[in-house]
$ cat structure.txt   # compact mmCIF, C-alpha atoms and all ligand atoms
# COMPACT_ATOMS: atom_id res chain seq x y z
CA MET A 1 -41.45 -10.10 0.90
CA GLU A 2 -39.82 -13.16 -0.67
CA VAL A 3 -39.28 -13.77 -4.38
CA LYS A 4 -37.85 -16.75 -6.24
CA VAL A 5 -35.92 -16.28 -9.48
CA ASP A 6 -33.93 -18.54 -11.79
CA ALA A 7 -30.69 -16.66 -12.26
CA LEU A 8 -27.13 -16.73 -13.49
CA VAL A 9 -24.29 -14.94 -11.66
CA LEU A 10 -22.84 -12.30 -13.99
CA ARG A 11 -20.51 -10.57 -11.56
CA THR A 12 -19.56 -10.56 -7.88
CA ALA A 13 -17.93 -7.94 -5.67
CA ASP A 14 -16.69 -8.32 -2.10
CA TYR A 15 -18.03 -6.02 0.56
CA GLY A 16 -18.07 -5.88 4.33
CA GLU A 17 -16.13 -8.53 6.22
CA SER A 18 -17.42 -11.66 4.51
CA ASP A 19 -20.28 -10.60 2.24
CA LYS A 20 -20.66 -10.25 -1.50
CA MET A 21 -22.82 -8.25 -3.84
CA LEU A 22 -24.04 -10.32 -6.78
CA THR A 23 -25.13 -9.06 -10.17
CA LEU A 24 -27.67 -11.64 -11.30
CA PHE A 25 -29.22 -12.19 -14.71
CA SER A 26 -32.62 -13.58 -13.84
CA LEU A 27 -35.10 -15.18 -16.20
CA GLN A 28 -38.08 -13.51 -14.53
CA GLN A 29 -36.80 -10.01 -13.69
CA GLY A 30 -33.77 -9.34 -15.88
CA LYS A 31 -30.62 -7.95 -14.27
CA ILE A 32 -30.75 -7.39 -10.52
CA SER A 33 -28.26 -6.83 -7.70
CA ALA A 34 -28.51 -8.87 -4.52
CA ALA A 35 -26.42 -8.99 -1.36
CA ILE A 36 -25.38 -12.40 -0.05
CA LYS A 37 -24.14 -12.50 3.53
CA GLY A 38 -21.22 -14.40 5.01
CA VAL A 39 -20.36 -16.28 1.80
CA ARG A 40 -16.63 -15.57 1.95
CA LYS A 41 -16.37 -17.82 5.01
CA ALA A 42 -15.17 -21.32 4.07
CA SER A 43 -18.05 -22.92 5.96
CA ALA A 44 -20.81 -20.83 4.34
CA LYS A 45 -23.71 -22.94 3.09
CA LEU A 46 -24.46 -20.59 0.20
CA ARG A 47 -20.84 -20.26 -0.94
CA PHE A 48 -21.66 -22.01 -4.24
CA ALA A 49 -24.34 -19.42 -5.01
CA ALA A 50 -21.79 -16.61 -5.11
CA GLN A 51 -19.42 -18.29 -7.60
CA PRO A 52 -19.02 -16.97 -11.16
CA PHE A 53 -21.44 -18.57 -13.68
CA CYS A 54 -23.53 -20.26 -10.97
CA PHE A 55 -27.01 -21.01 -12.31
CA ALA A 56 -29.46 -21.49 -9.46
CA GLU A 57 -32.91 -20.80 -8.15
CA TYR A 58 -32.37 -17.91 -5.75
CA VAL A 59 -34.72 -17.04 -2.93
CA LEU A 60 -34.51 -13.30 -2.35
CA ALA A 61 -35.80 -11.18 0.49
CA ARG A 62 -36.91 -7.83 -0.80
CA ARG A 63 -36.88 -4.69 1.28
CA GLY A 64 -37.68 -1.53 -0.68
CA ASP A 65 -35.59 -1.90 -3.83
CA ARG A 66 -32.88 -3.97 -2.15
CA TYR A 67 -32.54 -7.73 -2.42
CA THR A 68 -30.74 -10.17 -0.15
CA VAL A 69 -30.19 -13.82 -1.05
CA ILE A 70 -31.63 -16.00 1.71
CA GLY A 71 -31.59 -19.34 -0.08
CA ALA A 72 -30.46 -21.00 -3.29
CA THR A 73 -30.84 -24.35 -5.03
CA MET A 74 -28.22 -25.14 -7.65
CA THR A 75 -29.42 -25.85 -11.16
CA ASP A 76 -25.96 -26.06 -12.76
CA GLY A 77 -22.58 -24.94 -11.41
CA PHE A 78 -20.86 -25.40 -14.80
CA TYR A 79 -17.84 -26.84 -12.98
CA ALA A 80 -15.92 -27.62 -16.18
CA LEU A 81 -15.61 -23.86 -16.71
CA HIS A 82 -13.62 -23.56 -13.49
CA GLU A 83 -11.21 -26.35 -14.41
CA ASN A 84 -9.90 -24.95 -17.70
CA ILE A 85 -8.53 -21.44 -18.11
CA ASP A 86 -9.71 -21.05 -21.73
CA LYS A 87 -13.24 -22.14 -20.85
CA PHE A 88 -13.21 -19.83 -17.82
CA TYR A 89 -12.32 -16.77 -19.91
CA ALA A 90 -14.82 -17.65 -22.65
CA ALA A 91 -17.54 -17.89 -19.97
CA ALA A 92 -16.38 -14.63 -18.34
CA THR A 93 -16.67 -12.99 -21.77
CA LEU A 94 -20.23 -14.26 -22.07
CA THR A 95 -21.27 -12.95 -18.64
CA GLY A 96 -19.45 -9.63 -19.24
CA VAL A 97 -21.28 -9.16 -22.54
CA CYS A 98 -24.66 -9.94 -20.89
CA ASP A 99 -23.85 -7.43 -18.14
CA ALA A 100 -23.02 -4.76 -20.75
CA LEU A 101 -26.10 -5.43 -22.91
CA LEU A 102 -28.67 -5.62 -20.09
CA TYR A 103 -30.31 -2.72 -18.35
CA GLY A 104 -31.76 -3.19 -14.87
CA GLY A 105 -35.29 -4.49 -14.80
CA ILE A 106 -35.58 -5.37 -18.50
CA VAL A 107 -36.61 -9.02 -18.93
CA ASN A 108 -34.90 -10.86 -21.79
CA GLU A 109 -35.89 -14.52 -21.65
CA GLU A 110 -34.34 -15.46 -24.97
CA LEU A 111 -30.94 -14.00 -24.08
CA PHE A 112 -31.10 -15.80 -20.72
CA LEU A 113 -31.81 -19.18 -22.32
CA ARG A 114 -29.12 -18.61 -24.96
CA ALA A 115 -26.61 -17.75 -22.22
CA VAL A 116 -27.35 -20.87 -20.18
CA ASN A 117 -27.23 -23.10 -23.27
CA ALA A 118 -23.94 -21.57 -24.42
CA LEU A 119 -22.35 -22.14 -20.99
CA ARG A 120 -23.43 -25.78 -21.21
CA GLU A 121 -21.91 -26.05 -24.69
CA MET A 122 -18.68 -24.50 -23.39
CA CYS A 123 -18.48 -27.18 -20.69
CA GLU A 124 -18.95 -30.01 -23.15
CA GLY A 125 -17.22 -28.83 -26.32
CA ASP A 126 -15.40 -26.04 -28.11
CA GLU A 127 -15.82 -22.94 -25.95
CA ALA A 128 -14.73 -20.47 -28.65
CA GLU A 129 -17.37 -21.71 -31.08
CA ALA A 130 -20.04 -21.70 -28.38
CA LEU A 131 -19.05 -18.11 -27.53
CA ILE A 132 -19.11 -16.93 -31.17
CA GLY A 133 -22.57 -18.46 -31.68
CA PHE A 134 -23.82 -16.82 -28.48
CA LEU A 135 -22.38 -13.41 -29.40
CA LEU A 136 -24.05 -13.41 -32.81
CA HIS A 137 -27.42 -14.17 -31.16
CA ALA A 138 -26.87 -11.65 -28.34
CA LEU A 139 -26.00 -8.90 -30.84
CA ALA A 140 -29.05 -9.77 -32.96
CA LEU A 141 -31.32 -9.61 -29.88
CA SER A 142 -29.92 -6.14 -29.14
CA GLY A 143 -30.74 -4.92 -32.65
CA TYR A 144 -27.27 -5.43 -34.12
CA ALA A 145 -27.82 -8.53 -36.25
CA LEU A 146 -25.11 -9.48 -38.75
CA ASP A 147 -26.29 -10.83 -42.09
CA LEU A 148 -23.83 -13.47 -43.27
CA SER A 149 -25.97 -14.73 -46.12
CA ALA A 150 -25.52 -12.07 -48.81
CA CYS A 151 -23.59 -8.97 -49.86
CA ALA A 152 -25.32 -5.90 -48.38
CA VAL A 153 -24.87 -3.98 -51.66
CA CYS A 154 -25.43 -6.39 -54.59
CA GLY A 155 -27.04 -9.35 -52.80
CA ALA A 156 -24.51 -11.91 -54.08
CA PRO A 157 -23.87 -14.85 -51.71
CA LEU A 158 -20.83 -14.23 -49.49
CA SER A 159 -17.85 -16.49 -50.01
CA GLY A 160 -14.08 -16.21 -50.15
CA ARG A 161 -12.60 -12.86 -49.17
CA THR A 162 -15.28 -10.39 -48.10
CA TYR A 163 -15.45 -6.95 -46.49
CA PHE A 164 -17.02 -5.77 -43.25
CA ASP A 165 -18.29 -2.26 -42.54
CA LEU A 166 -18.07 -1.77 -38.78
CA ALA A 167 -20.39 1.27 -38.67
CA ARG A 168 -23.18 -0.38 -40.66
CA GLY A 169 -22.54 -3.90 -39.41
CA SER A 170 -22.73 -5.17 -42.97
CA PHE A 171 -20.74 -7.61 -45.06
CA THR A 172 -20.02 -6.98 -48.74
CA CYS A 173 -18.55 -9.14 -51.48
CA GLY A 174 -15.07 -8.73 -52.99
CA GLU A 175 -16.49 -6.64 -55.84
CA CYS A 176 -18.49 -4.17 -53.74
CA ALA A 177 -15.78 -4.04 -51.02
CA VAL A 178 -17.13 -1.63 -48.36
CA GLY A 179 -15.06 -1.49 -45.15
CA SER A 180 -12.13 -3.66 -44.06
CA GLY A 181 -11.13 -6.99 -45.54
CA VAL A 182 -12.33 -10.16 -43.81
CA SER A 183 -10.57 -13.46 -44.46
CA ALA A 184 -12.48 -16.41 -45.89
CA SER A 185 -11.57 -18.31 -42.70
CA THR A 186 -13.26 -15.69 -40.47
CA LEU A 187 -16.42 -15.69 -42.60
CA GLU A 188 -16.67 -19.50 -42.62
CA ILE A 189 -16.22 -19.70 -38.81
CA LEU A 190 -19.00 -17.12 -38.33
CA LYS A 191 -21.26 -19.16 -40.65
CA LYS A 192 -20.39 -22.38 -38.81
CA CYS A 193 -21.23 -20.87 -35.40
CA THR A 194 -24.65 -19.67 -36.59
CA GLY A 195 -25.49 -23.13 -37.90
CA THR A 196 -25.54 -22.13 -41.58
CA PRO A 197 -23.73 -24.15 -44.31
CA TYR A 198 -19.98 -23.42 -44.38
CA ASP A 199 -16.83 -24.59 -46.10
CA ASP A 200 -14.59 -26.37 -43.58
CA SER A 201 -11.61 -26.41 -45.98
CA LEU A 202 -11.34 -22.60 -45.79
CA ILE A 203 -11.06 -22.49 -41.97
CA CYS A 204 -7.51 -21.82 -40.68
CA ALA A 205 -6.14 -22.30 -37.17
CA ASP A 206 -6.59 -18.62 -36.27
CA GLY A 207 -10.13 -18.33 -37.67
CA LYS A 208 -11.79 -18.24 -34.24
CA LYS A 209 -9.43 -15.56 -32.96
CA ARG A 210 -10.09 -13.39 -36.02
CA ALA A 211 -13.85 -13.92 -35.76
CA LEU A 212 -13.80 -12.92 -32.07
CA LYS A 213 -11.70 -9.83 -32.87
CA LEU A 214 -14.27 -8.76 -35.46
CA LEU A 215 -17.14 -9.38 -33.03
CA TYR A 216 -15.44 -7.49 -30.19
CA ALA A 217 -14.71 -4.49 -32.46
CA TYR A 218 -18.34 -4.52 -33.60
CA PHE A 219 -19.67 -4.94 -30.04
CA ARG A 220 -17.54 -2.00 -28.86
CA SER A 221 -18.60 0.21 -31.74
CA LYS A 222 -22.29 -0.42 -30.96
CA THR A 223 -22.28 -0.38 -27.15
CA ASP A 224 -19.28 1.77 -26.28
CA GLU A 225 -18.56 -0.83 -23.56
CA LYS A 226 -15.31 -2.59 -22.79
CA VAL A 227 -15.35 -6.15 -21.49
CA LYS A 228 -11.94 -6.92 -20.05
CA ALA A 229 -12.39 -10.70 -20.16
CA PHE A 230 -13.24 -10.43 -23.88
CA ALA A 231 -9.93 -8.69 -24.70
CA ASP A 232 -8.04 -11.11 -22.41
CA TYR A 233 -9.66 -14.15 -24.01
CA ILE A 234 -8.78 -13.01 -27.54
CA ALA A 235 -5.19 -12.43 -26.45
CA MET A 236 -5.01 -15.98 -25.05
CA LEU A 237 -6.12 -17.66 -28.28
CA PRO A 238 -3.46 -19.02 -30.65
ZN ZN B 1 -21.56 -7.19 -53.66
$ encode --input "structure.txt" --output "structure tokens" --more "lines below"
Ligand SMILES: [Zn+2]
Amino acid sequence: MEVKVDALVLRTADYGESDKMLTLFSLQQGKISAAIKGVRKASAKLRFAAQPFCFAEYVLARRGDRYTVIGATMTDGFYALHENIDKFYAAATLTGVCDALLYGGIVNEELFLRAVNALREMCEGDEAEALIGFLLHALALSGYALDLSACAVCGAPLSGRTYFDLARGSFTCGECAVGSGVSASTLEILKKCTGTPYDDSLICADGKKRALKLLYAYFRSKTDEKVKAFADYIAMLP
């Protein structure tokens, strides 16, 4: 039986002499594994379809619960991500987070579309901001939404130095102060990346790094998963 899916490559692993096993995030069937034969040979026609972040329409042959890729038509290879080390790691963080959040067979169309859009944004613009925006949406879709609009205790609008409670995933104002301190710069970057009004004058050079550290700590506390690319990407940022 043949099936066609629109899918993004989350992860690849070599096996056999020249084959790979792909972990695909598909629009229609969620996360699936599929073998792809002979793609480590330089002349392989489907070589592109086994590259990280490849977005393509895959034709899969299904036998029992095993899939093999028998054809693919590229939708977007996101080549810019392969030409810049920062962009590459930001994209690897995105695919690693999707891999950690998805369970086999669960369809998540919104997360899929957010992932593809964020990869496009990473190609064209600031990859750290595209990643932060994606992470906030991905966490919200998994039931871990962060409310940046108001103090979780008194309801006052959040501005300046605030506090973040990792266990509750809640921000509090300077008066209520539950959890660890969060710089004004971190808060404003998080607001910016969710498309809410923010104060640009409060954003410092290391704002994105701090925001990503907060998001990774929160992600780890909720999922118990490590994403190596995420830690590596944070370490690379200035
Ligand atoms: Zn408060």
$ closest_atom_pairs --input "structure.txt" --of "chain A" --to "ligand ZN 1 (chain B)" --cutoff "10 Å" --atoms "all atoms listed in the file" --output "CSV"
residue,atom,partner,partner_atom,distance
A:Ala150,CA,B:ZN1,ZN,7.9
A:Cys151,CA,B:ZN1,ZN,4.7
A:Ala152,CA,B:ZN1,ZN,6.6
A:Val153,CA,B:ZN1,ZN,5.0
A:Cys154,CA,B:ZN1,ZN,4.1
A:Gly155,CA,B:ZN1,ZN,6.0
A:Ala156,CA,B:ZN1,ZN,5.6
A:Pro157,CA,B:ZN1,ZN,8.2
A:Leu158,CA,B:ZN1,ZN,8.2
A:Thr162,CA,B:ZN1,ZN,9.0
A:Tyr163,CA,B:ZN1,ZN,9.4
A:Phe171,CA,B:ZN1,ZN,8.6
A:Thr172,CA,B:ZN1,ZN,5.2
A:Cys173,CA,B:ZN1,ZN,4.2
A:Gly174,CA,B:ZN1,ZN,6.7
A:Glu175,CA,B:ZN1,ZN,5.5
A:Cys176,CA,B:ZN1,ZN,4.3
A:Ala177,CA,B:ZN1,ZN,7.1
A:Val178,CA,B:ZN1,ZN,8.9
$ closest_residue --input "structure.txt" --among "A:Leu141, A:Ala61, A:Ala231, A:Val5" --to "Asn108 (chain A)" --atoms "all atoms listed in the file"
A:Leu141
$ atom_distance --input "structure.txt" --atom1 "CA of Gly64 (chain A)" --atom2 "CA of Ile32 (chain A)"
13.4 Å
$ residues_near_point --input "structure.txt" --point "(-27.5, -8.5, -21.1)" --cutoff "8 Å" --atoms "only C-alpha atoms" --output "PDB file with C-alpha atoms, in the coordinates of the input"
ATOM      1  CA  PHE A  25     -29.220 -12.190 -14.710  1.00  0.00           C
ATOM      2  CA  LYS A  31     -30.620  -7.950 -14.270  1.00  0.00           C
ATOM      3  CA  VAL A  97     -21.280  -9.160 -22.540  1.00  0.00           C
ATOM      4  CA  CYS A  98     -24.660  -9.940 -20.890  1.00  0.00           C
ATOM      5  CA  ASP A  99     -23.850  -7.430 -18.140  1.00  0.00           C
ATOM      6  CA  ALA A 100     -23.020  -4.760 -20.750  1.00  0.00           C
ATOM      7  CA  LEU A 101     -26.100  -5.430 -22.910  1.00  0.00           C
ATOM      8  CA  LEU A 102     -28.670  -5.620 -20.090  1.00  0.00           C
ATOM      9  CA  TYR A 103     -30.310  -2.720 -18.350  1.00  0.00           C
ATOM     10  CA  ASN A 108     -34.900 -10.860 -21.790  1.00  0.00           C
ATOM     11  CA  LEU A 111     -30.940 -14.000 -24.080  1.00  0.00           C
ATOM     12  CA  ALA A 138     -26.870 -11.650 -28.340  1.00  0.00           C
TER      13      ALA A 138
END
$ atom_distance --input "structure.txt" --atom1 "CA of Leu46 (chain A)" --atom2 "CA of Ala229 (chain A)"
25.7 Å
$ closest_residue --input "structure.txt" --among "A:Leu214, A:Leu8, A:Ala115, A:Ala34" --to "Asp65 (chain A)" --atoms "only C-alpha atoms"
A:Ala34
$ atom_distance --input "structure.txt" --atom1 "CA of Gln51 (chain A)" --atom2 "CA of Asp14 (chain A)"
11.7 Å
$ closest_residue --input "structure.txt" --among "A:Phe230, A:Leu27, A:Val107, A:Val182" --to "Leu94 (chain A)" --atoms "all atoms listed in the file"
A:Phe230
